[in-house]
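What follows is a single structure, written as structure tokens, with notes after it.
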Amino acid sequence: MRRILFLLTAVAFVVTALAKKVKVTIDGTVSPSQTTLYLIVNEDTAHAQRLPIKDGKFSVKVEVDRDAFIRLHDWKEWPERSAFVLIPDSRHITIDWNTGTIEGSKKSRELQAICKQIRDASPEGFHIDVFSDDPEAWRKAQEKGNAIRNAMLQEQRAIARKLLLDNKDNIMSAWIAYCYPNLFKGELNDIIEHMKPQWINHPIFKNRK
């Protein structure tokens with residue numbers, strides 16, 4: 001098993017080493033009240049670039065590996081909450097913060113849709129309102145709420161697992177594995193062992209805290 005893992009890692013290292021650099025222009029519109037926007041490559045937050053915003057617009061040119069993840073966010077933290085994680089599959093990508101749209105990058109739109117499915121299934125924020133002073137009513141509501149949240153969490157895990165496996169041959173799975181490891185209940189390593197190794201040694205994992 002160790003030899004197999006070593007070979008997979010070695011192949012992944014070669015693939016990563018041979019990754020080609022690409023130049024891409026990224027521009028777009030942010031919300032009127034937004035004053036901060038970071039560009040973060042492969043979650044290297046220590047070298048996050050703060051982008052200037054003028055009249056609700058921004059534009060930047062970057063050179064990155066063709067399999068890089070470029071996150072545009074008003075926070076350095078919480079990558080799993082970001083709506084704009086770009087894969088540089090074209091020379092020009094445009095985003096619109098107000099509509100949530102990405103233009104010029106098919107892979108980025110696909111990744112955005114995948115992450116939205118996982119986020120939308122989350123039980124985070126779910127609660128049941130109780131308009132009563134009866135302790136028994138509160139107890140029953142809490143029981144019901146816990147049961148519903150557990151069911152939602154199981155559904156979210158099933159969705160994340162399916163999306164990971166459906167995209168096992170491309171780097172989108174690397175982003176899922178990076179952002180949502182807790183959804184796999186310890187089975188992530190077993191899943192990875194049965195996948196192709198293209199993204200196993202992706203630089204994103206080097207910056208995991």
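Within each chain, counting starts at residue 1; across the structure tokens, chains are named A, B, ... in the order shown, with ligands numbered 1 upward in that order.
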Quick one: residues within 12 Å of A:Lys185, only C-alpha atoms, excluding same-chain residues fewer than 4 positions away - as a PDB file with all heavy atoms, in the first residue's frame?
ATOM      1  N   LEU A 153     -27.846  17.295   7.147  1.00  0.00           N
ATOM      2  CA  LEU A 153     -26.409  17.052   7.120  1.00  0.00           C
ATOM      3  C   LEU A 153     -26.084  15.775   6.359  1.00  0.00           C
ATOM      4  O   LEU A 153     -25.130  15.736   5.563  1.00  0.00           O
ATOM      5  CB  LEU A 153     -25.857  16.970   8.537  1.00  0.00           C
ATOM      6  CG  LEU A 153     -24.344  16.739   8.676  1.00  0.00           C
ATOM      7  CD1 LEU A 153     -23.555  17.829   7.968  1.00  0.00           C
ATOM      8  CD2 LEU A 153     -23.946  16.663  10.147  1.00  0.00           C
ATOM      9  N   GLN A 154     -26.873  14.733   6.561  1.00  0.00           N
ATOM     10  CA  GLN A 154     -26.657  13.490   5.833  1.00  0.00           C
ATOM     11  C   GLN A 154     -26.857  13.698   4.330  1.00  0.00           C
ATOM     12  O   GLN A 154     -26.117  13.148   3.510  1.00  0.00           O
ATOM     13  CB  GLN A 154     -27.611  12.402   6.349  1.00  0.00           C
ATOM     14  CG  GLN A 154     -27.331  11.941   7.768  1.00  0.00           C
ATOM     15  CD  GLN A 154     -25.889  11.490   7.965  1.00  0.00           C
ATOM     16  OE1 GLN A 154     -25.323  10.768   7.146  1.00  0.00           O
ATOM     17  NE2 GLN A 154     -25.286  11.915   9.073  1.00  0.00           N
ATOM     18  N   ARG A 157     -23.850  15.561   3.006  1.00  0.00           N
ATOM     19  CA  ARG A 157     -22.721  14.646   2.853  1.00  0.00           C
ATOM     20  C   ARG A 157     -22.862  13.796   1.595  1.00  0.00           C
ATOM     21  O   ARG A 157     -21.889  13.566   0.867  1.00  0.00           O
ATOM     22  CB  ARG A 157     -22.601  13.759   4.092  1.00  0.00           C
ATOM     23  CG  ARG A 157     -22.031  14.467   5.301  1.00  0.00           C
ATOM     24  CD  ARG A 157     -22.122  13.625   6.560  1.00  0.00           C
ATOM     25  NE  ARG A 157     -21.419  14.253   7.672  1.00  0.00           N
ATOM     26  CZ  ARG A 157     -21.582  13.923   8.944  1.00  0.00           C
ATOM     27  NH1 ARG A 157     -22.442  12.961   9.274  1.00  0.00           N
ATOM     28  NH2 ARG A 157     -20.899  14.535   9.896  1.00  0.00           N
ATOM     29  N   ALA A 158     -24.080  13.327   1.340  1.00  0.00           N
ATOM     30  CA  ALA A 158     -24.318  12.504   0.158  1.00  0.00           C
ATOM     31  C   ALA A 158     -24.083  13.309  -1.122  1.00  0.00           C
ATOM     32  O   ALA A 158     -23.489  12.811  -2.085  1.00  0.00           O
ATOM     33  CB  ALA A 158     -25.744  11.951   0.185  1.00  0.00           C
ATOM     34  N   ALA A 160     -22.115  16.031  -1.423  1.00  0.00           N
ATOM     35  CA  ALA A 160     -20.680  16.311  -1.548  1.00  0.00           C
ATOM     36  C   ALA A 160     -19.919  15.080  -2.043  1.00  0.00           C
ATOM     37  O   ALA A 160     -19.028  15.187  -2.896  1.00  0.00           O
ATOM     38  CB  ALA A 160     -20.122  16.772  -0.209  1.00  0.00           C
ATOM     39  N   ARG A 161     -20.259  13.926  -1.523  1.00  0.00           N
ATOM     40  CA  ARG A 161     -19.584  12.693  -1.920  1.00  0.00           C
ATOM     41  C   ARG A 161     -19.819  12.398  -3.396  1.00  0.00           C
ATOM     42  O   ARG A 161     -18.903  12.042  -4.137  1.00  0.00           O
ATOM     43  CB  ARG A 161     -20.068  11.522  -1.062  1.00  0.00           C
ATOM     44  CG  ARG A 161     -19.261  10.240  -1.242  1.00  0.00           C
ATOM     45  CD  ARG A 161     -19.800   9.135  -0.339  1.00  0.00           C
ATOM     46  NE  ARG A 161     -18.885   8.010  -0.253  1.00  0.00           N
ATOM     47  CZ  ARG A 161     -18.765   7.067  -1.187  1.00  0.00           C
ATOM     48  NH1 ARG A 161     -19.526   7.135  -2.275  1.00  0.00           N
ATOM     49  NH2 ARG A 161     -17.894   6.091  -1.038  1.00  0.00           N
ATOM     50  N   ALA A 177     -12.517  18.607  -1.702  1.00  0.00           N
ATOM     51  CA  ALA A 177     -11.791  17.932  -0.622  1.00  0.00           C
ATOM     52  C   ALA A 177     -11.155  18.937   0.327  1.00  0.00           C
ATOM     53  O   ALA A 177     -11.079  18.710   1.537  1.00  0.00           O
ATOM     54  CB  ALA A 177     -10.725  17.014  -1.212  1.00  0.00           C
ATOM     55  N   TYR A 180     -14.402  20.977   2.227  1.00  0.00           N
ATOM     56  CA  TYR A 180     -15.445  20.259   2.962  1.00  0.00           C
ATOM     57  C   TYR A 180     -14.979  18.899   3.492  1.00  0.00           C
ATOM     58  O   TYR A 180     -15.728  17.918   3.423  1.00  0.00           O
ATOM     59  CB  TYR A 180     -16.662  20.051   2.056  1.00  0.00           C
ATOM     60  CG  TYR A 180     -17.165  21.313   1.413  1.00  0.00           C
ATOM     61  CD1 TYR A 180     -16.878  21.610   0.079  1.00  0.00           C
ATOM     62  CD2 TYR A 180     -17.921  22.238   2.129  1.00  0.00           C
ATOM     63  CE1 TYR A 180     -17.343  22.768  -0.520  1.00  0.00           C
ATOM     64  CE2 TYR A 180     -18.382  23.404   1.550  1.00  0.00           C
ATOM     65  CZ  TYR A 180     -18.089  23.665   0.215  1.00  0.00           C
ATOM     66  OH  TYR A 180     -18.544  24.824  -0.361  1.00  0.00           O
ATOM     67  N   PRO A 181     -13.785  18.795   4.063  1.00  0.00           N
ATOM     68  CA  PRO A 181     -13.317  17.478   4.533  1.00  0.00           C
ATOM     69  C   PRO A 181     -14.191  16.888   5.629  1.00  0.00           C
ATOM     70  O   PRO A 181     -14.323  15.667   5.732  1.00  0.00           O
ATOM     71  CB  PRO A 181     -11.896  17.765   5.041  1.00  0.00           C
ATOM     72  CG  PRO A 181     -11.903  19.220   5.385  1.00  0.00           C
ATOM     73  CD  PRO A 181     -12.805  19.854   4.364  1.00  0.00           C
ATOM     74  N   ASN A 189      -9.699   9.841   2.745  1.00  0.00           N
ATOM     75  CA  ASN A 189      -8.460   9.188   2.315  1.00  0.00           C
ATOM     76  C   ASN A 189      -8.736   7.920   1.518  1.00  0.00           C
ATOM     77  O   ASN A 189      -8.048   7.618   0.531  1.00  0.00           O
ATOM     78  CB  ASN A 189      -7.579   8.864   3.524  1.00  0.00           C
ATOM     79  CG  ASN A 189      -6.961  10.110   4.129  1.00  0.00           C
ATOM     80  OD1 ASN A 189      -6.820  11.128   3.450  1.00  0.00           O
ATOM     81  ND2 ASN A 189      -6.617  10.054   5.399  1.00  0.00           N
ATOM     82  N   ASP A 190      -9.752   7.157   1.938  1.00  0.00           N
ATOM     83  CA  ASP A 190     -10.112   5.944   1.208  1.00  0.00           C
ATOM     84  C   ASP A 190     -10.627   6.278  -0.182  1.00  0.00           C
ATOM     85  O   ASP A 190     -10.327   5.579  -1.157  1.00  0.00           O
ATOM     86  CB  ASP A 190     -11.180   5.155   1.979  1.00  0.00           C
ATOM     87  CG  ASP A 190     -10.627   4.540   3.254  1.00  0.00           C
ATOM     88  OD1 ASP A 190      -9.404   4.300   3.306  1.00  0.00           O
ATOM     89  OD2 ASP A 190     -11.408   4.304   4.177  1.00  0.00           O
ATOM     90  N   ILE A 191     -11.401   7.349  -0.279  1.00  0.00           N
ATOM     91  CA  ILE A 191     -11.918   7.768  -1.583  1.00  0.00           C
ATOM     92  C   ILE A 191     -10.766   8.188  -2.487  1.00  0.00           C
ATOM     93  O   ILE A 191     -10.689   7.808  -3.659  1.00  0.00           O
ATOM     94  CB  ILE A 191     -12.929   8.925  -1.423  1.00  0.00           C
ATOM     95  CG1 ILE A 191     -14.186   8.435  -0.697  1.00  0.00           C
ATOM     96  CG2 ILE A 191     -13.306   9.512  -2.780  1.00  0.00           C
ATOM     97  CD1 ILE A 191     -15.170   9.541  -0.368  1.00  0.00           C
TER      98      ILE A 191
END
List every residue of stretch 17-197 of chain A that DSSP, applied to the backbone of this structure, assigns to strand (DSSP E), and report them as a CSV table (one decimal) with C-alpha atoms, in the first residue's frame.
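Just written: part.csv:
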chain,number,residue,atom,x,y,z
A,21,LYS,CA,1.8,29.0,-16.6
A,22,VAL,CA,-1.1,31.0,-18.1
A,23,LYS,CA,-1.8,34.7,-18.2
A,24,VAL,CA,-5.3,35.8,-17.5
A,25,THR,CA,-7.1,39.2,-17.1
A,26,ILE,CA,-9.7,39.1,-14.3
A,27,ASP,CA,-12.2,42.0,-14.0
A,28,GLY,CA,-15.7,42.8,-12.9
A,29,THR,CA,-18.2,44.6,-10.8
A,38,TYR,CA,-8.6,40.0,-2.1
A,39,LEU,CA,-7.2,37.8,-4.9
A,40,ILE,CA,-5.8,34.6,-3.4
A,41,VAL,CA,-4.1,31.9,-5.4
A,49,GLN,CA,-3.3,40.5,-3.2
A,50,ARG,CA,-5.6,43.3,-2.2
A,57,LYS,CA,-15.1,48.1,-10.8
A,58,PHE,CA,-11.8,46.2,-10.6
A,59,SER,CA,-9.3,44.7,-13.0
A,60,VAL,CA,-6.1,42.7,-12.6
A,61,LYS,CA,-3.7,40.6,-14.7
A,62,VAL,CA,-2.1,37.5,-13.2
A,63,GLU,CA,0.1,34.7,-14.3
A,64,VAL,CA,-0.7,31.4,-12.6
A,65,ASP,CA,-0.5,27.6,-13.2
A,70,ILE,CA,-8.0,31.9,-7.9
A,71,ARG,CA,-10.4,33.0,-5.1
A,72,LEU,CA,-11.9,36.5,-5.1
A,73,HIS,CA,-13.3,37.3,-1.8
A,84,PHE,CA,-16.1,33.3,-6.9
A,85,VAL,CA,-13.4,30.7,-7.2
A,86,LEU,CA,-11.9,30.8,-10.7
A,92,HIS,CA,-10.2,36.8,-19.8
A,93,ILE,CA,-12.7,36.2,-17.0
A,94,THR,CA,-15.3,38.6,-15.8
A,95,ILE,CA,-17.4,38.4,-12.6
A,96,ASP,CA,-20.4,40.3,-11.4
A,101,THR,CA,-22.3,35.5,-12.5
A,102,ILE,CA,-19.0,34.4,-14.1
A,103,GLU,CA,-18.3,35.0,-17.8
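Proximity to A:Gly100 was assessed for A:Val30, A:Leu183, A:Ile204, A:Leu51 counting only C-alpha atoms; the smallest distance is recorded for A:Val30.
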Write out as a Markdown table the residues of stretch 87-120 of chain A that have any atom within 10 Å of an atom of stretch 162-165 of chain A, one row each with the nearest atom pair and its distance in Å to one decimal, counting only C-alpha atoms, sorted by chain and then rising number.
| residue | atom | partner | partner_atom | distance |
| --- | --- | --- | --- | --- |
| A:Ile114 | CA | A:Leu163 | CA | 7.0 |
| A:Cys115 | CA | A:Leu163 | CA | 9.2 |
| A:Gln117 | CA | A:Leu163 | CA | 9.1 |
| A:Ile118 | CA | A:Leu163 | CA | 8.8 |
**OP:** Would you list the contacts of A:Cys179 as a ChimeraX atom specification, taking every protein, DNA or RNA residue within 9 Å and counting only C-alpha atoms, but skipping same-chain residues closer than 5 positions in sequence?
**Re:** /A:78-80,174
Original post:
Hey, what's within 7 Å of A:Gly145 if we count only C-alpha atoms and toss same-chain stuff fewer than 3 positions away? As a PyMOL selection string, please?
Top reply: chain A and resi 127-128+141-142+148-149
Keeping C-alpha atoms for every residue in the selection just given, could you write it to a file as a short mmCIF file (atom, residue, chain, number, x, y, z; two decimals), in the first residue's frame?
data_model
loop_
_atom_site.label_atom_id
_atom_site.label_comp_id
_atom_site.auth_asym_id
_atom_site.auth_seq_id
_atom_site.Cartn_x
_atom_site.Cartn_y
_atom_site.Cartn_z
CA HIS A 127 -34.01 26.63 13.17
CA ILE A 128 -37.62 26.21 14.21
CA ALA A 141 -39.27 21.81 18.82
CA GLN A 142 -35.62 21.23 19.73
CA ILE A 148 -34.19 17.81 10.64
CA ARG A 149 -30.65 19.22 10.88
#
**OP:** Work out how far atom CA of A:Ser82 is from atom CA of A:Gln112, in Å to one decimal.
**Re:** 9.0 Å
Original post:
Near A:Met172, counting only C-alpha atoms, which residues have an atom at most 10 Å away, once you skip same-chain residues fewer than 3 positions from it, shown as a list in words?
Top reply: Asp67, Phe69, Ile87, Lys107, Ser108, Glu110, Leu111, Gln112, Ile114, Cys115, Leu163, Leu164, Asp166, Asn167, Lys168, Asp169, Trp175, Ile176, Ala177, Tyr178 and Trp199 of chain A
Take the residues just selected and output them with C-alpha atoms as a PDB file, in the first residue's frame.
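Listed below is the output, part30.pdb:
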ATOM      1  CA  ASP A  67      -4.747  24.330 -12.696  1.00  0.00           C
ATOM      2  CA  PHE A  69      -7.604  28.126  -7.942  1.00  0.00           C
ATOM      3  CA  ILE A  87     -10.049  28.234 -12.747  1.00  0.00           C
ATOM      4  CA  LYS A 107     -14.754  25.482 -15.564  1.00  0.00           C
ATOM      5  CA  SER A 108     -15.220  28.324 -13.087  1.00  0.00           C
ATOM      6  CA  GLU A 110     -19.042  24.506 -13.190  1.00  0.00           C
ATOM      7  CA  LEU A 111     -17.125  24.789  -9.913  1.00  0.00           C
ATOM      8  CA  GLN A 112     -19.427  27.586  -8.764  1.00  0.00           C
ATOM      9  CA  ILE A 114     -20.914  22.452  -7.553  1.00  0.00           C
ATOM     10  CA  CYS A 115     -20.115  24.532  -4.462  1.00  0.00           C
ATOM     11  CA  LEU A 163     -19.964  15.540  -6.607  1.00  0.00           C
ATOM     12  CA  LEU A 164     -16.470  14.519  -5.505  1.00  0.00           C
ATOM     13  CA  ASP A 166     -18.476  12.598 -10.337  1.00  0.00           C
ATOM     14  CA  ASN A 167     -15.555  14.990 -10.786  1.00  0.00           C
ATOM     15  CA  LYS A 168     -12.758  12.684  -9.685  1.00  0.00           C
ATOM     16  CA  ASP A 169     -10.838  13.116 -12.936  1.00  0.00           C
ATOM     17  CA  TRP A 175     -11.481  22.143  -4.064  1.00  0.00           C
ATOM     18  CA  ILE A 176     -14.285  19.998  -2.632  1.00  0.00           C
ATOM     19  CA  ALA A 177     -11.791  17.932  -0.622  1.00  0.00           C
ATOM     20  CA  TYR A 178     -10.066  21.092   0.608  1.00  0.00           C
ATOM     21  CA  TRP A 199      -4.872  16.569  -8.210  1.00  0.00           C
TER      22      TRP A 199
END
